[in-house]
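Containing TSV, C-alpha atoms: protein_21.tsv.
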```tsv
chain	number	residue	atom	x	y	z
A	292	LEU	CA	11.04	29.33	-18.26
A	293	ARG	CA	9.87	26.56	-15.93
A	294	PRO	CA	8.34	27.69	-12.63
A	295	THR	CA	10.47	27.17	-9.54
A	296	ASP	CA	9.72	23.85	-7.83
A	297	PRO	CA	9.37	24.61	-4.09
A	298	ARG	CA	8.89	21.03	-2.87
A	299	GLU	CA	12.36	20.51	-1.42
A	300	SER	CA	12.33	23.82	0.45
A	301	VAL	CA	8.83	23.23	1.79
A	302	ALA	CA	9.77	19.73	3.01
A	303	ALA	CA	12.76	21.18	4.88
A	304	LEU	CA	10.52	23.71	6.65
A	305	LEU	CA	8.10	21.02	7.81
A	306	LYS	CA	10.89	19.15	9.59
A	307	GLY	CA	11.65	22.10	11.84
A	308	VAL	CA	8.25	22.54	13.52
A	309	ASP	CA	8.15	21.39	17.13
A	310	CYS	CA	5.24	19.20	18.26
A	311	ALA	CA	3.80	18.97	14.76
A	312	ARG	CA	3.20	16.41	12.08
A	313	ILE	CA	2.39	18.13	8.84
A	314	SER	CA	2.41	16.98	5.24
A	315	ALA	CA	2.39	19.21	2.18
A	316	THR	CA	0.94	18.71	-1.27
A	317	VAL	CA	2.69	21.00	-3.75
A	318	ASP	CA	1.31	21.97	-7.14
A	319	ALA	CA	4.45	23.25	-8.79
A	320	LEU	CA	2.57	24.65	-11.80
A	321	SER	CA	0.15	26.84	-9.83
A	322	GLY	CA	2.46	27.35	-6.86
A	323	THR	CA	-0.24	26.19	-4.42
A	324	VAL	CA	0.85	24.37	-1.25
A	325	THR	CA	-1.80	22.50	0.76
A	326	LEU	CA	-0.83	21.71	4.34
A	327	LYS	CA	-2.45	18.95	6.43
A	328	GLY	CA	-1.68	17.59	9.87
A	329	HIS	CA	-1.48	19.14	13.31
A	330	ALA	CA	0.52	21.82	15.12
A	331	ARG	CA	0.94	22.93	18.73
A	332	SER	CA	-0.88	26.27	18.45
A	333	ASP	CA	-2.59	28.74	16.14
A	334	ALA	CA	0.57	30.84	16.25
A	335	ASP	CA	2.70	27.89	15.09
A	336	ARG	CA	0.27	27.17	12.27
A	337	GLU	CA	0.25	30.80	11.12
A	338	ARG	CA	4.04	31.05	11.42
A	339	LEU	CA	4.52	27.92	9.31
A	340	ALA	CA	2.05	29.10	6.68
A	341	GLY	CA	3.94	32.39	6.47
A	342	SER	CA	7.30	30.65	6.11
A	343	VAL	CA	5.98	28.34	3.40
A	344	GLY	CA	4.40	31.30	1.60
A	345	ALA	CA	7.81	33.01	1.48
A	346	VAL	CA	9.44	30.09	-0.37
A	347	ALA	CA	10.37	30.83	-3.97
A	348	GLY	CA	7.77	29.38	-6.30
A	349	VAL	CA	4.93	29.38	-3.74
A	350	GLN	CA	2.00	31.56	-4.74
A	351	ARG	CA	-0.64	30.35	-2.29
A	352	VAL	CA	-0.76	28.38	0.99
A	353	GLU	CA	-3.86	26.51	2.15
A	354	SER	CA	-3.53	25.62	5.85
A	355	ASP	CA	-7.13	24.91	6.86
A	356	GLY	CA	-6.23	21.22	7.07
A	357	VAL	CA	-3.78	21.85	9.95
A	358	ARG	CA	-5.46	21.22	13.30
A	359	VAL	CA	-4.21	22.64	16.58
A	360	LEU	CA	-3.18	20.20	19.34
A	361	GLY	CA	-1.95	21.59	22.65
A	362	GLU	CA	-0.95	19.83	25.84
A	363	PRO	CA	-1.00	17.09	26.99
A	364	TYR	CA	-0.88	15.89	23.41
A	365	CYS	CA	2.54	17.32	22.60
A	366	ARG	CA	4.06	15.26	25.40
A	367	VAL	CA	2.18	12.16	24.22
A	368	LEU	CA	3.40	12.52	20.64
A	369	ALA	CA	6.94	13.32	21.81
A	370	LEU	CA	6.95	10.03	23.72
A	371	LEU	CA	5.70	8.12	20.68
A	372	ASP	CA	8.52	9.64	18.64
A	373	ARG	CA	11.08	7.59	20.58
A	374	PRO	CA	13.61	6.10	18.13
A	375	ASP	CA	12.74	2.54	19.22
A	376	PHE	CA	9.07	3.07	18.29
A	377	SER	CA	7.85	2.46	14.76
A	378	ARG	CA	4.75	3.97	13.23
A	379	SER	CA	2.39	1.70	11.37
A	380	ALA	CA	2.18	1.79	7.61
A	381	GLU	CA	-0.83	4.09	7.12
A	382	GLN	CA	-3.69	5.59	9.09
A	383	ARG	CA	-6.63	3.17	9.09
A	384	TYR	CA	-8.60	1.34	11.77
A	385	ASP	CA	-6.19	-1.62	11.72
A	386	ILE	CA	-3.21	-1.06	14.01
A	387	ALA	CA	-1.02	-2.98	11.57
A	388	THR	CA	-1.71	-0.23	9.04
A	389	VAL	CA	-2.15	2.82	11.24
A	390	GLY	CA	-0.03	5.83	11.96
A	391	ALA	CA	2.54	6.64	9.30
A	392	THR	CA	0.57	9.40	7.63
A	393	ASN	CA	1.06	12.84	9.10
A	394	GLN	CA	-2.68	13.44	9.37
A	395	PRO	CA	-4.60	10.71	11.15
A	396	GLY	CA	-8.26	10.66	10.31
A	397	LEU	CA	-10.44	12.81	12.50
A	398	ARG	CA	-13.23	10.73	14.04
A	399	ARG	CA	-16.44	12.34	15.27
A	400	ALA	CA	-18.76	11.13	18.03
A	401	VAL	CA	-21.62	12.52	20.07
A	402	GLY	CA	-22.60	12.18	23.71
A	403	GLY	CA	-24.21	8.89	24.61
A	404	GLU	CA	-22.53	6.79	21.93
A	405	ALA	CA	-20.88	3.55	22.98
A	406	LEU	CA	-17.16	3.57	22.34
A	407	SER	CA	-16.23	0.94	19.76
A	408	LEU	CA	-12.95	0.71	17.87
A	409	SER	CA	-11.95	-2.02	15.40
A	410	LEU	CA	-8.29	-3.02	15.75
A	411	SER	CA	-5.94	-5.86	15.03
A	412	ALA	CA	-2.50	-6.77	16.31
A	413	PRO	CA	0.64	-6.17	14.24
A	414	ASP	CA	2.43	-9.03	12.50
A	415	TYR	CA	3.90	-10.39	15.75
A	416	ASP	CA	2.45	-11.66	19.04
A	417	SER	CA	1.98	-8.59	21.19
A	418	TYR	CA	0.57	-6.80	24.22
A	419	LEU	CA	-1.73	-3.91	23.32
A	420	TYR	CA	-2.24	-0.74	25.37
A	421	VAL	CA	-5.08	1.59	24.40
A	422	ASP	CA	-5.22	4.96	26.17
A	423	HIS	CA	-7.56	7.91	25.83
A	424	PHE	CA	-6.03	11.35	26.52
A	425	SER	CA	-8.37	14.28	27.11
A	426	ALA	CA	-7.81	18.02	27.16
A	427	ASP	CA	-8.37	18.20	30.93
A	428	GLY	CA	-4.97	16.52	31.41
A	429	ARG	CA	-6.31	13.05	32.25
A	430	VAL	CA	-5.79	9.69	30.62
A	431	THR	CA	-8.27	6.79	30.74
A	432	HIS	CA	-6.89	3.30	30.18
A	433	LEU	CA	-9.20	1.34	27.90
A	434	LEU	CA	-6.99	-1.72	27.46
A	435	PRO	CA	-5.92	-3.74	29.39
A	436	THR	CA	-8.49	-3.89	32.14
A	437	ASP	CA	-7.68	-5.47	35.51
A	438	ARG	CA	-7.28	-8.81	33.74
A	439	PRO	CA	-4.78	-9.76	30.98
A	440	ASP	CA	-7.11	-9.13	28.03
A	441	ASN	CA	-4.50	-7.31	25.95
A	442	ILE	CA	-2.46	-10.36	24.81
A	443	LEU	CA	-2.97	-10.98	21.10
A	444	LYS	CA	-1.58	-13.29	18.45
A	445	ALA	CA	0.00	-11.89	15.29
A	446	ASP	CA	-2.62	-10.21	13.07
A	447	GLN	CA	-5.43	-11.10	15.48
A	448	SER	CA	-8.44	-8.79	15.04
A	449	PHE	CA	-10.79	-7.63	17.77
A	450	ARG	CA	-13.18	-4.84	18.65
A	451	LEU	CA	-12.46	-2.56	21.57
A	452	GLY	CA	-15.68	-1.91	23.43
A	453	PRO	CA	-18.79	-3.70	24.58
A	454	GLU	CA	-18.58	-6.51	22.03
A	455	ASP	CA	-15.10	-7.84	22.76
A	456	ARG	CA	-12.13	-6.56	24.79
A	457	GLY	CA	-11.42	-3.59	26.96
A	458	ARG	CA	-13.51	-1.33	29.13
A	459	ARG	CA	-17.07	-0.39	28.37
A	460	ALA	CA	-17.33	3.35	27.80
A	461	VAL	CA	-19.71	5.92	26.38
A	462	ILE	CA	-19.15	9.43	25.10
A	463	SER	CA	-19.60	12.01	27.87
A	464	PRO	CA	-18.45	15.55	28.79
A	465	PRO	CA	-16.23	17.44	28.58
A	466	TYR	CA	-16.44	17.53	24.78
A	467	GLY	CA	-13.69	18.62	22.43
A	468	LEU	CA	-10.65	17.31	20.58
A	469	ASP	CA	-8.88	14.31	22.14
A	470	VAL	CA	-6.37	11.62	21.27
A	471	ILE	CA	-6.52	7.84	21.56
A	472	THR	CA	-3.18	6.04	21.38
A	473	VAL	CA	-2.63	2.35	20.64
A	474	VAL	CA	0.75	0.83	21.50
A	475	ALA	CA	1.73	-2.75	20.65
A	476	ALA	CA	4.80	-4.35	22.24
A	477	ASN	CA	6.25	-7.85	22.05
A	478	GLU	CA	6.89	-7.73	25.82
A	479	PRO	CA	4.54	-6.51	28.58
A	480	ILE	CA	5.23	-2.85	29.40
A	481	PHE	CA	3.46	-2.74	32.76
A	482	LEU	CA	3.38	-5.77	35.03
A	483	ARG	CA	0.46	-4.46	37.11
A	484	PRO	CA	-2.77	-2.82	35.94
A	485	ARG	CA	-2.88	0.97	35.91
A	486	PRO	CA	-5.78	2.78	37.62
A	487	LEU	CA	-8.80	3.42	35.43
A	488	SER	CA	-7.93	7.11	35.15
A	489	GLU	CA	-4.89	9.15	36.15
A	490	ALA	CA	-3.02	12.35	35.37
A	491	ALA	CA	-1.60	12.20	31.87
A	492	SER	CA	1.70	13.72	32.99
A	493	GLY	CA	2.25	10.98	35.59
A	494	TYR	CA	1.36	8.23	33.15
A	495	ILE	CA	3.64	9.57	30.44
A	496	ALA	CA	6.52	9.71	32.92
A	497	ALA	CA	5.79	6.15	34.10
A	498	LEU	CA	5.54	4.85	30.54
A	499	ASP	CA	8.82	6.50	29.57
A	500	GLU	CA	10.51	5.05	32.66
A	501	ARG	CA	9.25	1.53	31.90
A	502	LEU	CA	10.34	1.73	28.27
A	503	GLU	CA	13.82	2.81	29.34
A	504	ALA	CA	14.01	-0.07	31.81
A	505	LEU	CA	12.99	-2.57	29.13
A	506	ARG	CA	15.51	-1.13	26.71
A	507	ARG	CA	18.31	-1.48	29.28
A	508	SER	CA	17.29	-5.07	30.04
A	509	GLY	CA	18.89	-6.32	26.83
A	510	MET	CA	15.71	-8.00	25.55
A	511	THR	CA	14.86	-7.87	21.86
A	512	LEU	CA	12.00	-5.39	21.78
A	513	ARG	CA	9.51	-4.38	19.11
A	514	TYR	CA	7.08	-1.51	19.48
A	515	GLU	CA	4.45	-0.16	17.12
A	516	TYR	CA	1.97	2.62	17.67
A	517	ALA	CA	-1.05	4.35	16.19
A	518	TYR	CA	-3.11	7.31	17.29
A	519	TYR	CA	-6.47	8.88	16.50
A	520	LEU	CA	-7.79	12.41	16.75
A	521	LEU	CA	-11.29	12.47	18.18
A	522	SER	CA	-13.82	15.28	18.04
A	523	THR	CA	-16.74	14.84	20.43
A	524	GLU	CA	-19.83	17.00	20.88
A	525	PRO	CA	-23.07	17.01	22.87
A	526	PRO	CA	-25.95	14.94	21.50
A	527	PRO	CA	-28.58	16.82	19.51
A	528	ARG	CA	-31.64	17.84	21.46
A	529	THR	CA	-33.95	15.96	19.12
A	530	GLY	CA	-33.57	13.20	16.56
A	531	ARG	CA	-31.00	10.45	16.32
A	532	SER	CA	-27.38	11.19	17.09
A	533	ALA	CA	-25.04	11.62	14.16
A	534	GLY	CA	-22.80	8.70	13.37
A	535	GLY	CA	-24.75	6.10	15.34
A	536	ALA	CA	-23.60	4.17	18.36
A	537	GLY	CA	-20.65	1.90	17.99
A	538	GLN	CA	-19.05	3.48	14.94
A	539	PRO	CA	-15.36	2.56	14.63
A	540	GLY	CA	-13.15	5.32	15.93
A	541	ALA	CA	-15.71	6.89	18.25
A	542	ALA	CA	-14.40	7.99	21.61
A	543	ALA	CA	-15.10	10.51	24.31
A	544	SER	CA	-13.21	13.49	25.60
A	545	SER	CA	-14.15	12.01	28.95
A	546	ALA	CA	-15.32	8.47	28.42
A	547	SER	CA	-17.35	7.30	31.37
A	548	SER	CA	-16.14	3.72	31.76
A	549	SER	CA	-17.14	0.62	33.66
A	550	GLN	CA	-15.28	-2.59	34.21
A	551	ARG	CA	-16.36	-5.49	32.06
```
As structure tokens, the full file:
Amino acid sequence: LRPTDPRESVAALLKGVDCARISATVDALSGTVTLKGHARSDADRERLAGSVGAVAGVQRVESDGVRVLGEPYCRVLALLDRPDFSRSAEQRYDIATVGATNQPGLRRAVGGEALSLSLSAPDYDSYLYVDHFSADGRVTHLLPTDRPDNILKADQSFRLGPEDRGRRAVISPPYGLDVITVVAANEPIFLRPRPLSEAASGYIAALDERLEALRRSGMTLRYEYAYYLLSTEPPPRTGRSAGGAGQPGAAASSASSSQR
């Protein structure tokens, strides 16, 4: 007899987890299911692993690849899941190919590193908005600054950080797991610059309100987004910091920023 193939049942379970993006690799012969992605809490991760383990044909569940993301990240990802938003093709440094995989790459950075992120615009002229959300409930706006430096031609590449566009920032406390979002739109979302830093809840509400207003305006709109998970830690007491300054994808849980 052939072993039961659990892939369809496992896929159905993954669709029902709130504030989660999880992919599953299923070895139908051994009955091993490997989960990767992120969930709202440890309890959600354990509950999902238990449900998957109860599926016929599943012998073992490996869930170490599921990271826990709490608030304000659930609200951020819920906003990005708007039906008029499209995720990029796959998670890489290039925004034109970032975001469709359930598990974005986890970037690591240490205190004192300069923030530097290699990006390029999607395949249409666009306005880019790069925001850094931290676990203390704040968001720092890295692009645009107080000047219109977020207008890019189709497929135009640039580096966010000291070398090119956006705010200068270095990794600083508090350390932990954070999220950087990149949103590209063919029309400007905000007509006036946002403050350097603000409460994430207020910004999410303002962004949602602006997107609704643009949608009701009747304009032809295109949106694309990407996001990164960022793990930051204090610098080592001695020796050179791991990763080196200016590595693509580095960011801070609280990036101390200065205007260019």
- Query: What does the distance from atom CA of A:Pro413 to atom CA of A:Asp455 come to in Å, to one decimal?
  - Reply: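 It comes out at 18.0 Å.
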- Residues at most 8 Å from A:Pro525, counting all atoms listed in the file, excluding those fewer than 2 positions away in the same chain, as a PyMOL selection string? chain A and resi 401-402+463-464+466+523+527
- Have a look at atom CA of A:Asn441 and atom CA of A:Tyr420 and let me know their distance in Å, one decimal. 7.0 Å
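The smallest atom-to-atom distance between A:Ser425 and any of A:Pro363, A:Gly457, A:Pro439, A:Gly403, using all atoms listed in the file, is found for A:Pro363.
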- Task: Identify which of the residues A:Asp309, A:Asp422, A:Glu299, A:Asp333 lies closest to A:Leu498, counting all atoms listed in the file when measuring atom-to-atom distances.
- Result: A:Asp422
- Query: If I put a ball of radius 12 Å at (4.3, 18.5, 24.5) in the file's coordinates, which residues poke into it when counting all atoms listed in the file, written as a list of chain:residue names?
  - Reply: A:Asp309, A:Cys310, A:Ala311, A:Ala330, A:Arg331, A:Ser332, A:Leu360, A:Gly361, A:Glu362, A:Pro363, A:Tyr364, A:Cys365, A:Arg366, A:Val367, A:Leu368, A:Ala369, A:Leu370, A:Leu371, A:Asp372, A:Gly428, A:Ala491, A:Ser492, A:Ile495
- Item | Separation of atom CA of A:Ala460 from atom CA of A:Leu406, in Å and rounded to one decimal |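 One can read the atom CA of A:Ala460 to atom CA of A:Leu406 distance as 5.5 Å.
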- Residue neighbourhood A:Ser300, 12 Å, all atoms listed in the file, exclusion window fewer than 3 positions, as an MDAnalysis selection string: chainID A and resid 295:297 303:307 315 317 324 342:349
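Closest approach to A:Ile462 from the set A:Arg438, A:Arg507, A:Arg450, A:Arg399 is made by A:Arg399, with distances taken over all atoms listed in the file.
Counting all atoms listed in the file, the residue from A:Leu419, A:Leu451, A:Ser522, A:Tyr514 that sits nearest to A:Pro465 is A:Ser522.
Comparing A:Ala319, A:Leu520, A:Ala340, A:Leu502 by their smallest distance to A:Pro374, the closest is A:Leu502 (using all atoms listed in the file).
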- Message: Between A:Gln350, A:Thr431, A:Ser409, A:Thr325, which residue has the minimum interatomic distance to A:Ala490, considering all atoms listed in the file?
- Response: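 Counting all atoms listed in the file, the residue closest to A:Ala490 is A:Thr431.
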